[in-house]
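coords-v3.cif follows; it contains mmCIF, C-alpha atoms.
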```
data_input
loop_
_atom_site.label_atom_id
_atom_site.label_comp_id
_atom_site.auth_asym_id
_atom_site.auth_seq_id
_atom_site.Cartn_x
_atom_site.Cartn_y
_atom_site.Cartn_z
CA MET A 1264 113.60 54.71 114.23
CA ARG A 1265 110.32 55.84 112.70
CA TYR A 1266 110.12 59.20 114.45
CA LEU A 1267 113.40 60.30 112.92
CA SER A 1268 111.97 60.00 109.40
CA SER A 1269 109.11 62.20 110.58
CA ALA A 1270 111.62 64.62 112.05
CA ARG A 1271 113.30 64.80 108.67
CA GLY A 1272 110.08 66.02 107.06
CA ALA A 1273 109.50 68.41 109.94
CA ALA A 1274 112.99 69.82 109.59
CA LEU A 1275 112.23 70.57 105.98
CA SER A 1276 108.97 72.18 107.04
CA CYS A 1277 110.81 74.34 109.56
CA LEU A 1278 113.34 75.38 106.96
CA THR A 1279 110.66 76.48 104.57
CA ALA A 1280 108.48 78.21 107.12
CA LEU A 1281 108.75 81.33 104.99
CA PRO A 1282 110.09 79.90 101.76
CA PHE A 1283 111.15 81.53 98.59
CA VAL A 1284 108.91 84.60 98.53
CA ALA A 1285 109.46 85.72 102.08
CA GLY A 1286 113.06 86.22 101.17
CA SER A 1287 114.87 89.21 99.84
CA ALA A 1288 116.42 91.03 96.98
CA GLY A 1289 119.61 91.39 95.03
CA THR A 1290 119.05 94.39 92.80
CA SER A 1291 116.95 96.22 95.32
CA GLY A 1292 117.09 96.66 99.03
CA SER A 1293 114.12 96.79 101.31
CA ALA A 1294 110.45 96.78 100.56
CA ILE A 1295 109.26 100.39 100.65
CA ALA A 1296 105.73 99.43 99.60
CA ALA A 1297 103.67 97.02 101.68
CA GLY A 1298 104.65 93.41 102.13
CA PHE A 1299 107.57 92.47 99.88
CA TYR A 1300 106.34 94.66 96.99
CA LEU A 1301 108.39 97.52 95.56
CA GLN A 1302 106.44 100.35 93.90
CA ASP A 1303 109.55 102.39 93.03
CA GLN A 1304 109.24 101.83 89.28
CA SER A 1305 109.26 105.48 88.16
CA VAL A 1306 111.43 108.36 89.35
CA LYS A 1307 108.89 110.88 88.05
CA GLY A 1308 106.09 109.10 89.92
CA GLY A 1309 108.22 108.95 93.05
CA GLY A 1310 108.22 112.75 93.24
CA ARG A 1311 104.44 112.80 93.86
CA ALA A 1312 104.27 109.61 96.02
CA TYR A 1313 102.83 107.59 93.10
CA SER A 1314 99.60 109.52 93.16
CA GLY A 1315 98.65 109.67 89.47
CA GLU A 1316 100.58 107.06 87.50
CA ALA A 1317 97.63 105.10 86.07
CA ALA A 1318 96.24 108.36 84.59
CA ASP A 1319 99.55 109.71 83.27
CA MET A 1320 101.05 109.06 79.85
CA GLY A 1321 104.50 107.80 78.93
CA ALA A 1322 106.75 104.75 79.12
CA GLU A 1323 107.55 105.40 82.79
CA SER A 1324 103.89 104.69 83.69
CA LEU A 1325 103.64 101.31 81.93
CA TRP A 1326 103.93 99.30 85.17
CA TRP A 1327 100.74 100.92 86.49
CA ASN A 1328 98.74 101.08 83.26
CA PRO A 1329 99.59 99.62 79.83
CA ALA A 1330 97.22 102.20 78.31
CA SER A 1331 99.71 104.94 79.26
CA ILE A 1332 101.33 104.78 75.81
CA ALA A 1333 98.09 104.75 73.77
CA GLY A 1334 98.11 107.76 71.45
CA ILE A 1335 101.61 109.02 72.32
CA ALA A 1336 102.86 111.75 70.01
CA GLN A 1337 106.45 110.44 69.85
CA SER A 1338 108.40 107.28 70.57
CA GLU A 1339 110.30 107.43 73.86
CA THR A 1340 112.54 105.64 76.32
CA TYR A 1341 112.80 105.86 80.09
CA ASN A 1342 115.66 104.85 82.38
CA GLY A 1343 115.92 105.36 86.12
CA VAL A 1344 117.79 104.20 89.19
CA THR A 1345 116.56 104.45 92.76
CA GLY A 1346 118.51 104.10 96.00
CA ILE A 1347 116.64 102.67 98.99
CA PHE A 1348 118.14 103.48 102.40
CA VAL A 1349 116.53 102.10 105.56
CA SER A 1350 117.38 102.51 109.24
CA SER A 1351 115.84 99.69 111.29
CA THR A 1352 116.12 97.93 114.64
CA ALA A 1353 114.75 94.53 115.69
CA THR A 1354 114.56 94.04 119.46
CA ASP A 1355 113.80 90.85 121.39
CA HIS A 1356 110.84 90.89 123.81
CA ASN A 1357 111.30 87.67 125.82
CA SER A 1358 111.49 85.10 123.04
CA THR A 1359 111.70 81.54 124.40
CA ILE A 1360 112.86 78.00 123.57
CA ARG A 1361 112.29 74.64 125.28
CA TYR A 1362 114.87 71.91 124.72
CA LEU A 1363 114.20 68.23 125.44
CA GLY A 1364 114.33 67.48 129.14
CA ARG A 1365 114.48 71.14 130.09
CA GLY A 1366 111.94 73.83 130.93
CA THR A 1367 111.28 76.96 128.92
CA SER A 1368 114.20 79.41 128.78
CA SER A 1369 115.30 82.51 126.88
CA VAL A 1370 116.11 81.92 123.23
CA GLY A 1371 119.38 83.76 123.85
CA GLY A 1372 121.53 85.37 121.21
CA ASP A 1373 121.92 89.06 120.44
CA GLY A 1374 118.71 90.71 121.65
CA ARG A 1375 119.08 93.82 119.46
CA VAL A 1376 119.85 93.76 115.75
CA ASP A 1377 120.55 97.03 113.96
CA ASN A 1378 119.63 97.44 110.30
CA PRO A 1379 118.37 93.94 109.43
CA VAL A 1380 116.51 95.50 106.48
CA GLN A 1381 119.19 96.06 103.88
CA ASN A 1382 119.80 99.07 101.65
CA GLY A 1383 119.80 98.58 97.91
CA ILE A 1384 119.67 99.90 94.37
CA LEU A 1385 116.68 99.44 92.05
CA PRO A 1386 117.14 100.07 88.30
CA THR A 1387 114.07 100.38 86.05
CA GLY A 1388 113.50 101.07 82.39
CA GLY A 1389 111.05 101.07 79.54
CA PHE A 1390 110.37 102.20 76.00
CA ALA A 1391 107.39 102.97 73.79
CA TYR A 1392 107.33 102.93 70.00
CA ARG A 1393 104.64 104.96 68.18
CA ILE A 1394 103.31 103.01 65.21
CA ASP A 1395 100.75 105.64 64.17
CA ASP A 1396 98.17 107.96 65.73
CA GLN A 1397 96.30 105.03 67.26
CA TRP A 1398 98.76 102.21 67.92
CA ALA A 1399 101.91 101.85 70.02
CA ILE A 1400 103.98 99.02 71.43
CA GLY A 1401 106.21 99.12 74.47
CA MET A 1402 108.19 97.26 77.10
CA ALA A 1403 108.71 97.89 80.82
CA VAL A 1404 111.45 96.16 82.82
CA THR A 1405 110.90 96.33 86.56
CA SER A 1406 111.69 94.55 89.84
CA PRO A 1407 108.39 94.59 91.75
CA PHE A 1408 108.93 91.92 94.43
CA SER A 1409 112.46 92.25 95.76
CA PHE A 1410 114.26 92.89 99.05
CA VAL A 1411 116.94 91.67 101.49
CA THR A 1412 116.93 91.11 105.23
CA LYS A 1413 119.99 89.91 107.15
CA TYR A 1414 120.32 88.92 110.79
CA PRO A 1415 123.54 87.67 112.47
CA THR A 1416 123.82 83.91 113.03
CA ASP A 1417 123.75 84.54 116.80
CA SER A 1418 120.68 86.83 116.81
CA TRP A 1419 117.42 86.14 118.65
CA THR A 1420 115.69 85.64 115.28
CA ARG A 1421 118.07 82.92 114.08
CA TYR A 1422 115.54 80.03 114.19
CA ALA A 1423 113.12 81.97 111.97
CA ALA A 1424 115.43 84.11 109.85
CA GLU A 1425 119.08 84.80 109.13
CA THR A 1426 119.52 85.81 105.48
CA SER A 1427 116.54 86.27 103.16
CA ARG A 1428 117.07 87.33 99.56
CA LEU A 1429 114.46 87.63 96.80
CA THR A 1430 115.05 89.17 93.39
CA THR A 1431 112.27 89.51 90.82
CA LEU A 1432 112.62 90.69 87.24
CA ASP A 1433 109.39 91.55 85.42
CA PHE A 1434 109.22 92.00 81.65
CA GLN A 1435 106.00 93.62 80.41
CA PRO A 1436 105.60 93.78 76.61
CA THR A 1437 102.63 96.01 75.83
CA LEU A 1438 100.22 96.70 72.98
CA ALA A 1439 98.24 99.96 73.24
CA TRP A 1440 95.41 101.34 71.13
CA ARG A 1441 93.63 104.69 71.09
CA PRO A 1442 90.50 104.17 68.95
CA THR A 1443 89.09 107.61 69.75
CA SER A 1444 90.46 110.85 71.14
CA TRP A 1445 88.92 110.14 74.56
CA LEU A 1446 89.78 106.44 75.04
CA GLY A 1447 93.07 104.58 75.42
CA LEU A 1448 93.42 100.83 75.91
CA GLY A 1449 96.40 98.64 76.70
CA ILE A 1450 97.25 95.02 77.47
CA GLY A 1451 100.30 92.85 77.92
CA PRO A 1452 101.76 89.86 79.76
CA ASN A 1453 103.89 90.12 82.89
CA ILE A 1454 106.75 87.65 82.48
CA GLU A 1455 108.52 87.24 85.83
CA TYR A 1456 111.75 85.56 86.87
CA GLN A 1457 112.34 85.05 90.59
CA VAL A 1458 115.44 83.84 92.40
CA ALA A 1459 115.55 83.40 96.17
CA ASP A 1460 117.98 82.39 98.90
CA LEU A 1461 117.03 81.72 102.52
CA SER A 1462 118.96 80.63 105.58
CA SER A 1463 118.19 80.05 109.23
CA ALA A 1464 119.44 78.05 112.20
CA LEU A 1465 118.12 74.70 113.42
CA PRO A 1466 118.36 73.90 117.13
CA ASN A 1467 119.80 70.57 118.21
CA LEU A 1468 117.76 68.68 120.77
CA PHE A 1469 119.61 69.56 123.95
CA ALA A 1470 120.76 72.84 125.50
CA GLY A 1471 124.43 73.59 125.02
CA GLN A 1472 124.71 71.93 121.62
CA PRO A 1473 125.66 74.24 118.72
CA ASP A 1474 122.97 75.04 116.19
CA GLY A 1475 122.58 73.34 112.86
CA GLN A 1476 122.13 75.34 109.68
CA GLN A 1477 119.65 75.22 106.80
CA THR A 1478 119.79 76.99 103.45
CA LEU A 1479 117.43 77.05 100.50
CA HIS A 1480 117.93 78.30 96.94
CA GLY A 1481 115.29 78.39 94.21
CA ASN A 1482 114.31 80.10 90.97
CA GLY A 1483 111.68 80.00 88.25
CA TRP A 1484 109.78 81.75 85.43
CA ASP A 1485 106.03 82.46 85.53
CA VAL A 1486 103.51 84.63 83.65
CA GLY A 1487 100.55 86.90 84.47
CA PHE A 1488 98.92 89.80 82.63
CA ASN A 1489 98.20 93.54 82.86
CA ALA A 1490 95.27 95.41 81.26
CA GLY A 1491 94.11 99.00 81.53
CA LEU A 1492 92.27 101.95 80.09
CA GLN A 1493 92.43 105.73 80.17
CA LEU A 1494 89.49 108.09 79.71
CA HIS A 1495 90.51 111.55 78.51
CA LEU A 1496 87.25 113.12 79.64
CA THR A 1497 88.29 116.68 78.83
CA ASP A 1498 91.49 118.47 77.86
CA ARG A 1499 92.17 118.83 81.59
CA LEU A 1500 90.75 115.67 83.19
CA THR A 1501 92.01 112.09 82.74
CA PHE A 1502 90.88 108.95 84.54
CA GLY A 1503 92.92 105.74 84.50
CA ALA A 1504 92.14 102.22 85.66
CA ALA A 1505 94.26 99.08 85.39
CA TYR A 1506 94.30 95.51 86.63
CA ARG A 1507 97.44 93.43 87.16
CA SER A 1508 96.77 89.74 87.68
CA LYS A 1509 98.05 87.50 90.43
CA ILE A 1510 100.90 85.22 89.42
CA GLN A 1511 101.19 81.62 90.57
CA HIS A 1512 104.88 80.94 91.00
CA GLU A 1513 106.59 77.57 90.74
CA LEU A 1514 110.19 77.57 91.95
CA SER A 1515 112.73 74.76 91.99
CA GLY A 1516 116.09 74.57 93.68
CA LYS A 1517 118.20 72.97 96.41
CA LEU A 1518 117.84 72.46 100.15
CA SER A 1519 120.84 71.93 102.47
CA VAL A 1520 120.76 70.94 106.16
CA THR A 1521 124.04 70.68 108.12
CA GLY A 1522 125.31 70.60 111.70
CA LEU A 1523 122.64 68.40 113.31
CA ASP A 1524 124.04 66.03 115.94
CA GLY A 1525 123.03 62.97 117.93
CA LEU A 1526 119.57 61.63 117.13
CA LEU A 1527 119.22 64.23 114.35
CA ALA A 1528 122.53 63.51 112.63
CA GLY A 1529 120.80 61.45 109.96
CA GLN A 1530 118.77 64.49 108.93
CA ASN A 1531 121.73 66.37 107.45
CA LEU A 1532 121.12 66.40 103.71
CA ARG A 1533 121.29 68.12 100.37
CA ALA A 1534 118.19 67.57 98.25
CA ASP A 1535 116.12 68.98 95.42
CA ALA A 1536 113.40 71.36 96.60
CA GLY A 1537 110.32 72.96 95.10
CA ALA A 1538 107.76 75.54 96.16
CA HIS A 1539 104.64 77.21 94.87
CA PHE A 1540 102.90 80.35 96.05
CA THR A 1541 100.92 83.25 94.60
CA THR A 1542 101.84 86.96 94.45
CA PRO A 1543 99.00 89.50 94.66
CA TRP A 1544 96.75 91.01 92.04
CA ALA A 1545 96.33 94.79 91.99
CA ALA A 1546 93.52 97.09 90.84
CA THR A 1547 94.67 100.69 90.36
CA PHE A 1548 92.48 103.78 89.90
CA ALA A 1549 93.86 107.28 89.28
CA VAL A 1550 92.74 110.79 88.34
CA ARG A 1551 94.77 113.72 87.01
CA TYR A 1552 93.14 117.15 86.79
CA ARG A 1553 94.90 120.16 85.31
CA VAL A 1554 93.51 122.99 87.40
CA THR A 1555 95.46 125.70 85.57
CA ASP A 1556 98.05 125.73 82.82
CA ARG A 1557 100.66 125.24 85.55
CA LEU A 1558 99.03 123.18 88.32
CA THR A 1559 97.92 119.52 88.01
CA LEU A 1560 96.37 117.58 90.89
CA ASN A 1561 96.75 113.80 91.19
CA ALA A 1562 95.02 111.07 93.19
CA GLN A 1563 95.47 107.30 93.13
CA ALA A 1564 94.10 104.28 95.02
CA VAL A 1565 95.45 100.73 94.77
CA ARG A 1566 93.66 97.65 96.00
CA GLN A 1567 96.11 94.77 96.31
CA GLY A 1568 94.88 91.20 96.66
CA TRP A 1569 97.43 89.98 99.18
CA SER A 1570 94.96 87.39 100.51
CA VAL A 1571 95.99 85.09 97.64
CA PHE A 1572 99.32 84.82 99.46
CA ASP A 1573 97.62 82.65 102.06
CA ALA A 1574 100.04 79.75 102.14
CA ILE A 1575 103.30 78.42 100.73
CA PHE A 1576 103.57 74.81 99.62
CA VAL A 1577 106.97 73.14 99.62
CA THR A 1578 108.09 69.72 98.39
CA SER A 1579 111.46 68.36 99.51
CA PRO A 1580 110.92 65.42 99.62
CA VAL A 1581 107.53 65.64 101.39
CA THR A 1582 104.89 68.30 100.78
CA THR A 1583 104.42 70.83 103.58
CA GLN A 1584 102.17 73.86 103.91
CA THR A 1585 102.99 77.09 105.75
CA ASN A 1586 100.07 79.42 106.35
CA GLU A 1587 100.79 83.12 105.77
CA ASN A 1588 97.30 84.65 105.97
CA TYR A 1589 98.20 87.98 104.37
CA GLN A 1590 95.32 90.45 104.09
CA ASP A 1591 94.10 92.57 101.16
CA THR A 1592 95.13 96.23 101.39
CA LEU A 1593 93.95 99.61 100.07
CA SER A 1594 96.53 102.38 99.71
CA GLY A 1595 95.80 106.00 98.83
CA ALA A 1596 97.96 108.84 97.52
CA PHE A 1597 97.54 112.52 96.65
CA GLY A 1598 100.01 114.81 94.91
CA LEU A 1599 100.55 117.71 92.54
CA ASP A 1600 102.72 118.82 89.63
CA TYR A 1601 103.54 122.53 89.30
CA GLU A 1602 105.11 123.98 86.15
CA VAL A 1603 107.49 126.64 87.45
CA THR A 1604 108.69 127.41 83.92
CA PRO A 1605 108.09 125.66 80.57
CA ARG A 1606 111.29 123.67 81.25
CA TRP A 1607 110.98 123.05 85.00
CA ILE A 1608 108.30 121.12 86.93
CA MET A 1609 108.15 120.59 90.70
CA ARG A 1610 106.18 117.77 92.40
CA THR A 1611 105.13 116.69 95.85
CA GLY A 1612 102.87 113.98 97.25
CA LEU A 1613 101.65 112.02 100.24
CA GLN A 1614 100.75 108.32 100.46
CA TYR A 1615 99.42 105.98 103.15
CA ASP A 1616 100.26 102.33 102.55
CA PRO A 1617 99.01 99.71 105.05
CA THR A 1618 100.81 96.41 105.57
CA PRO A 1619 99.21 93.11 104.53
CA THR A 1620 101.15 91.15 107.16
CA PRO A 1621 98.99 89.91 110.07
CA GLY A 1622 100.19 91.36 113.37
CA ALA A 1623 99.40 88.17 115.27
CA SER A 1624 101.94 86.14 113.27
CA ARG A 1625 104.36 88.63 111.68
CA ASP A 1626 107.77 87.15 110.93
CA ALA A 1627 111.29 88.52 111.11
CA ARG A 1628 111.88 87.73 107.42
CA VAL A 1629 109.27 90.32 106.42
CA PRO A 1630 109.19 92.79 109.36
CA ASP A 1631 106.63 94.94 107.60
CA ALA A 1632 104.49 97.76 109.01
CA ASN A 1633 102.00 100.46 108.01
CA ARG A 1634 103.77 103.46 106.53
CA TRP A 1635 103.41 107.06 105.39
CA LEU A 1636 105.34 108.35 102.36
CA PHE A 1637 106.25 112.04 101.96
CA SER A 1638 107.71 112.90 98.55
CA VAL A 1639 109.19 115.77 96.53
CA GLY A 1640 110.51 115.70 92.99
CA THR A 1641 111.41 117.67 89.92
CA SER A 1642 111.74 117.39 86.15
CA VAL A 1643 114.02 119.57 84.04
CA LYS A 1644 113.80 119.66 80.26
CA VAL A 1645 117.48 119.68 79.30
CA THR A 1646 116.84 119.78 75.54
CA ARG A 1647 113.81 119.44 73.30
CA ARG A 1648 114.21 115.63 73.42
CA ILE A 1649 115.73 114.95 76.86
CA THR A 1650 114.21 115.44 80.33
CA PHE A 1651 115.94 114.78 83.65
CA ASP A 1652 113.89 113.54 86.66
CA ALA A 1653 114.78 113.42 90.36
CA SER A 1654 112.80 112.51 93.48
CA VAL A 1655 113.23 111.98 97.23
CA THR A 1656 110.78 110.19 99.54
CA TYR A 1657 110.85 109.90 103.31
CA VAL A 1658 109.15 106.76 104.60
CA ASP A 1659 107.84 106.68 108.16
CA PHE A 1660 107.12 103.11 109.34
CA GLN A 1661 104.93 102.52 112.35
CA ALA A 1662 106.46 100.28 115.01
CA ALA A 1663 105.44 96.65 114.42
CA SER A 1664 105.56 93.52 116.51
CA ILE A 1665 107.15 90.21 115.53
CA ASN A 1666 105.17 87.19 116.76
CA ARG A 1667 106.09 83.86 115.24
CA ASN A 1668 106.08 80.21 116.18
CA ALA A 1669 109.48 79.02 114.93
CA SER A 1670 109.31 75.56 116.54
CA ALA A 1671 111.64 72.97 115.06
CA TYR A 1672 110.52 69.42 114.18
CA ALA A 1673 106.90 70.30 114.97
CA GLY A 1674 104.52 67.37 115.14
CA THR A 1675 107.20 64.84 116.13
CA PRO A 1676 108.31 63.45 119.50
CA VAL A 1677 111.43 65.63 119.31
CA THR A 1678 109.70 68.99 118.86
CA VAL A 1679 111.75 71.94 120.12
CA PRO A 1680 109.22 74.77 120.71
CA VAL A 1681 110.51 78.25 119.81
CA ALA A 1682 108.28 81.30 120.36
CA LEU A 1683 109.68 84.53 118.94
CA SER A 1684 108.42 87.88 120.23
CA GLY A 1685 109.94 91.24 119.41
CA MET A 1686 109.52 94.70 117.94
CA VAL A 1687 110.77 96.35 114.75
CA GLU A 1688 111.16 100.10 114.27
CA ALA A 1689 112.25 101.65 110.98
CA SER A 1690 112.36 104.69 108.74
CA GLY A 1691 113.67 105.10 105.22
CA VAL A 1692 114.72 107.45 102.45
CA VAL A 1693 114.23 106.66 98.76
CA ALA A 1694 116.11 108.79 96.22
CA GLY A 1695 116.00 108.40 92.47
CA ILE A 1696 117.27 109.94 89.26
CA GLY A 1697 116.12 109.22 85.73
CA THR A 1698 116.01 110.38 82.15
CA ARG A 1699 113.37 110.37 79.43
CA LEU A 1700 114.28 110.59 75.74
CA TRP A 1701 111.91 111.24 72.83
CA PHE A 1702 112.73 110.32 69.22
#
```
Would you give me this structure, written as structure tokens?
Amino acid sequence: MRYLSSARGAALSCLTALPFVAGSAGTSGSAIAAGFYLQDQSVKGGGRAYSGEAADMGAESLWWNPASIAGIAQSETYNGVTGIFVSSTATDHNSTIRYLGRGTSSVGGDGRVDNPVQNGILPTGGFAYRIDDQWAIGMAVTSPFSFVTKYPTDSWTRYAAETSRLTTLDFQPTLAWRPTSWLGLGIGPNIEYQVADLSSALPNLFAGQPDGQQTLHGNGWDVGFNAGLQLHLTDRLTFGAAYRSKIQHELSGKLSVTGLDGLLAGQNLRADAGAHFTTPWAATFAVRYRVTDRLTLNAQAVRQGWSVFDAIFVTSPVTTQTNENYQDTLSGAFGLDYEVTPRWIMRTGLQYDPTPTPGASRDARVPDANRWLFSVGTSVKVTRRITFDASVTYVDFQAASINRNASAYAGTPVTVPVALSGMVEASGVVAGIGTRLWF
């Protein structure tokens, strides 16, 4: 039957409607920056809402600007761990399904899901080695695109999302040069490993039949680059600018479809799968101004090129395209550092971070929203060579709608239309501790 072979391709398309990247994390929990990006790569920076990282110096700022280690006075290491704790609710607003031979009806399932956005732990680290007055090398290890969402198998979102898991590890070797007292330069590759797992339900053709199940696993290595500069305009004023490239990811893995009955029984399978997509570029600009010997003001703006994440292409065994239509964003942050004593610094900051996800087609896998970040932090110099950092951020998400066509077997005679409509509300707390060591 020819239409069943078409249904097989459509089933694969349905499974991969938000493939590898729209998944979620292992080492980290939820995305506290926009989209599925995590900006929590420095505990010190977290204390001022990431308002001056591209203009600051030290290994903990390498993710934002590779020039941050140009001209360092000593070699150093940085280690930190951040806990991400999110309270969230996803509520159904009349989502529907239409089985063969039957009119439109409620999608059913649990209409309220508490805490689909999972908590998590994010470790980060880096080091910088001073070669001489001008040259330094370094390495940052981060997890910039990572999170987890989980919905019960009987939830109203089941045909679009059950479990989504994405973990990214980014290794950034860096070479930095300070040719003059007022200029620092840095460059390095971003070597990223991603592993993802997705699952969702597949409806059988007729009402009353139990759902089928689809799962997808994939992983891969890909490379981009990071370049930046710092202008030390005066002893009190520093400007930083950096560009991190987009990365075109190629993932390979396995697809499994089970539990389909009747006319669809022949579509149960386990097959090789592949996907490619692009994660965003970022242009970061920051200023730090030391107003007095104790008070430093910080400001930072980040333009992220999310529009390159316009579609996901999947092959298994046919090629399908899922349009995402993310939008470029511009975030802004302001903060301050205040030296209470020579050994104790306090910080605070405020950031507005808009979501790149389009409201007209937002999905349950990435239930993202515009957010405000309110941060406080501190640094204590324990010894001449060791400093302890701590920070806490409250994240206030605006309520966001979920609107997604999750139709199964689309484009075939056995299409089962599914229209998901709902609302997500959330808030979060991010708390981190870290240490810096000079040698």
Taken to one decimal, the CA of Pro1436 in chain A-CA of Thr1547 in chain A distance is 18.9 Å
Selection under test: the PyMOL selection byres ((chain A and resi 1511) around 9); residues as a PyMOL selection string: chain A and resi 1485-1487+1509-1510+1512-1513+1539-1542
Please identify all polymer residues within 7 Å of Ala1403 in chain A, counting all atoms listed in the file, omitting same-chain residues fewer than 3 positions from it, and present them as a ChimeraX atom specification. /A:1325-1326,1388-1390,1434-1436
Measure the distance from CA of Gly1343 in chain A to CA of Arg1566 in chain A in Å and round it to one decimal.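 Computed distance, CA of Gly1343 in chain A to CA of Arg1566 in chain A, equals 25.5 Å.
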Using the chain letters and residue numbers of this document, give as a PyMOL selection string the residues selected by the PyMOL selection byres ((chain A and resi 1534) around 12). chain A and resi 1271+1275+1477-1481+1515-1521+1530-1533+1535-1537+1578-1581
Padding of 5 Å on every side, edges along x, y and z, all listed atoms of range 1618-1636 of chain A included: what centre and edge lengths in Å, to one decimal, does that box have, as JSON?
```
{"center_x": 105.4, "center_y": 97.2, "center_z": 108.8, "size_x": 22.9, "size_y": 32.2, "size_z": 22.9}
```
Kindly give the distance, in Å, that separates CA of Thr1352 in chain A and CA of Phe1572 in chain A, rounded to a single decimal. 26.2 Å
Please return, as a PyMOL selection string, all polymer residues that have at least one atom within 12 Å of the point (109.3, 68.8, 121.0); use all atoms listed in the file and the file's own coordinate frame. chain A and resi 1266+1270+1273+1360-1367+1466-1469+1669-1681
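The residue that comes closest to Gly1598 in chain A, out of A:Gly1298, A:Gly1691, A:Gly1475, A:Gly1315 and on the basis of all atoms listed in the file, is A:Gly1315.
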Starting from the displayed file, determine the output of the PyMOL selection byres ((chain A and resi 1556) around 12) and express the residue list as a VMD selection string. chain A and resid 1498 to 1499 1552 to 1555 1557 to 1560 1600 to 1605 1608
Within 8 Å of (115.5, 115.0, 95.4) (coordinates as in the file), grab all the protein and nucleic acid residues, counting all atoms listed in the file, and write them out as number ranges by chain. A: 1310, 1639-1641, 1653-1656, 1694-1695
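With only C-alpha atoms taken into account, the protein and nucleic acid residues at most 12 Å from Ser1594 in chain A (excluding it and anything under 6 positions from it in its own chain) are Ala1296, Ala1297, Gln1302, Ala1312, Tyr1313, Ser1314, Ala1545, Ala1546, Thr1547, Phe1548, Ala1549, Ala1562, Gln1563, Ala1564, Val1565, Arg1566, Gln1567, Gly1568, Leu1613, Gln1614, Tyr1615, Asp1616, Pro1617, Thr1618, Pro1619, Asn1633, Arg1634, Trp1635 and Leu1636 of chain A.
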Keeping C-alpha atoms for every residue in the selection just given, could you write it to a file as a PDB file, in the coordinates of the input?
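Contents of result.pdb, as written:
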```pdb
ATOM      1  CA  ALA A1296     105.730  99.430  99.600  1.00  0.00           C
ATOM      2  CA  ALA A1297     103.670  97.020 101.680  1.00  0.00           C
ATOM      3  CA  GLN A1302     106.440 100.350  93.900  1.00  0.00           C
ATOM      4  CA  ALA A1312     104.270 109.610  96.020  1.00  0.00           C
ATOM      5  CA  TYR A1313     102.830 107.590  93.100  1.00  0.00           C
ATOM      6  CA  SER A1314      99.600 109.520  93.160  1.00  0.00           C
ATOM      7  CA  ALA A1545      96.330  94.790  91.990  1.00  0.00           C
ATOM      8  CA  ALA A1546      93.520  97.090  90.840  1.00  0.00           C
ATOM      9  CA  THR A1547      94.670 100.690  90.360  1.00  0.00           C
ATOM     10  CA  PHE A1548      92.480 103.780  89.900  1.00  0.00           C
ATOM     11  CA  ALA A1549      93.860 107.280  89.280  1.00  0.00           C
ATOM     12  CA  ALA A1562      95.020 111.070  93.190  1.00  0.00           C
ATOM     13  CA  GLN A1563      95.470 107.300  93.130  1.00  0.00           C
ATOM     14  CA  ALA A1564      94.100 104.280  95.020  1.00  0.00           C
ATOM     15  CA  VAL A1565      95.450 100.730  94.770  1.00  0.00           C
ATOM     16  CA  ARG A1566      93.660  97.650  96.000  1.00  0.00           C
ATOM     17  CA  GLN A1567      96.110  94.770  96.310  1.00  0.00           C
ATOM     18  CA  GLY A1568      94.880  91.200  96.660  1.00  0.00           C
ATOM     19  CA  LEU A1613     101.650 112.020 100.240  1.00  0.00           C
ATOM     20  CA  GLN A1614     100.750 108.320 100.460  1.00  0.00           C
ATOM     21  CA  TYR A1615      99.420 105.980 103.150  1.00  0.00           C
ATOM     22  CA  ASP A1616     100.260 102.330 102.550  1.00  0.00           C
ATOM     23  CA  PRO A1617      99.010  99.710 105.050  1.00  0.00           C
ATOM     24  CA  THR A1618     100.810  96.410 105.570  1.00  0.00           C
ATOM     25  CA  PRO A1619      99.210  93.110 104.530  1.00  0.00           C
ATOM     26  CA  ASN A1633     102.000 100.460 108.010  1.00  0.00           C
ATOM     27  CA  ARG A1634     103.770 103.460 106.530  1.00  0.00           C
ATOM     28  CA  TRP A1635     103.410 107.060 105.390  1.00  0.00           C
ATOM     29  CA  LEU A1636     105.340 108.350 102.360  1.00  0.00           C
TER      30      LEU A1636
END
```
In terms of the shortest atom-to-atom distance over only C-alpha atoms, which of A:Thr1430, A:Ser1368, A:Trp1440, A:Gly1491 is closest to Tyr1300 in chain A?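 Ranking A:Thr1430, A:Ser1368, A:Trp1440, A:Gly1491 by distance to Tyr1300 in chain A, first place goes to A:Thr1430.
Closest approach to Leu1700 in chain A among A:Asn1453, A:Thr1650, A:Thr1437, A:Ser1427 is made by A:Thr1650 (distances from all atoms listed in the file).
For the set A:Ile1450, A:Ala1538, A:Val1349, A:Ala1470, the residue with the smallest atom-to-atom gap to Ser1369 in chain A is A:Ala1470, counting only C-alpha atoms.
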Choose the residue, out of A:Ser1406, A:Gln1397, A:Asp1373, A:Val1571, that has the smallest atom-to-atom separation from Ser1305 in chain A; count only C-alpha atoms. A:Ser1406
Selected residue, from A:Gln1337, A:Gln1590, A:Asn1342, A:Asn1382, that lies nearest to Ser1324 in chain A when counting all atoms listed in the file: A:Asn1342
Counting all atoms listed in the file, what is within 8 Å of Ala1399 in chain A, bar same-chain residues fewer than 4 positions away, as a PyMOL selection string? chain A and resi 1332-1335+1391-1395+1438-1440
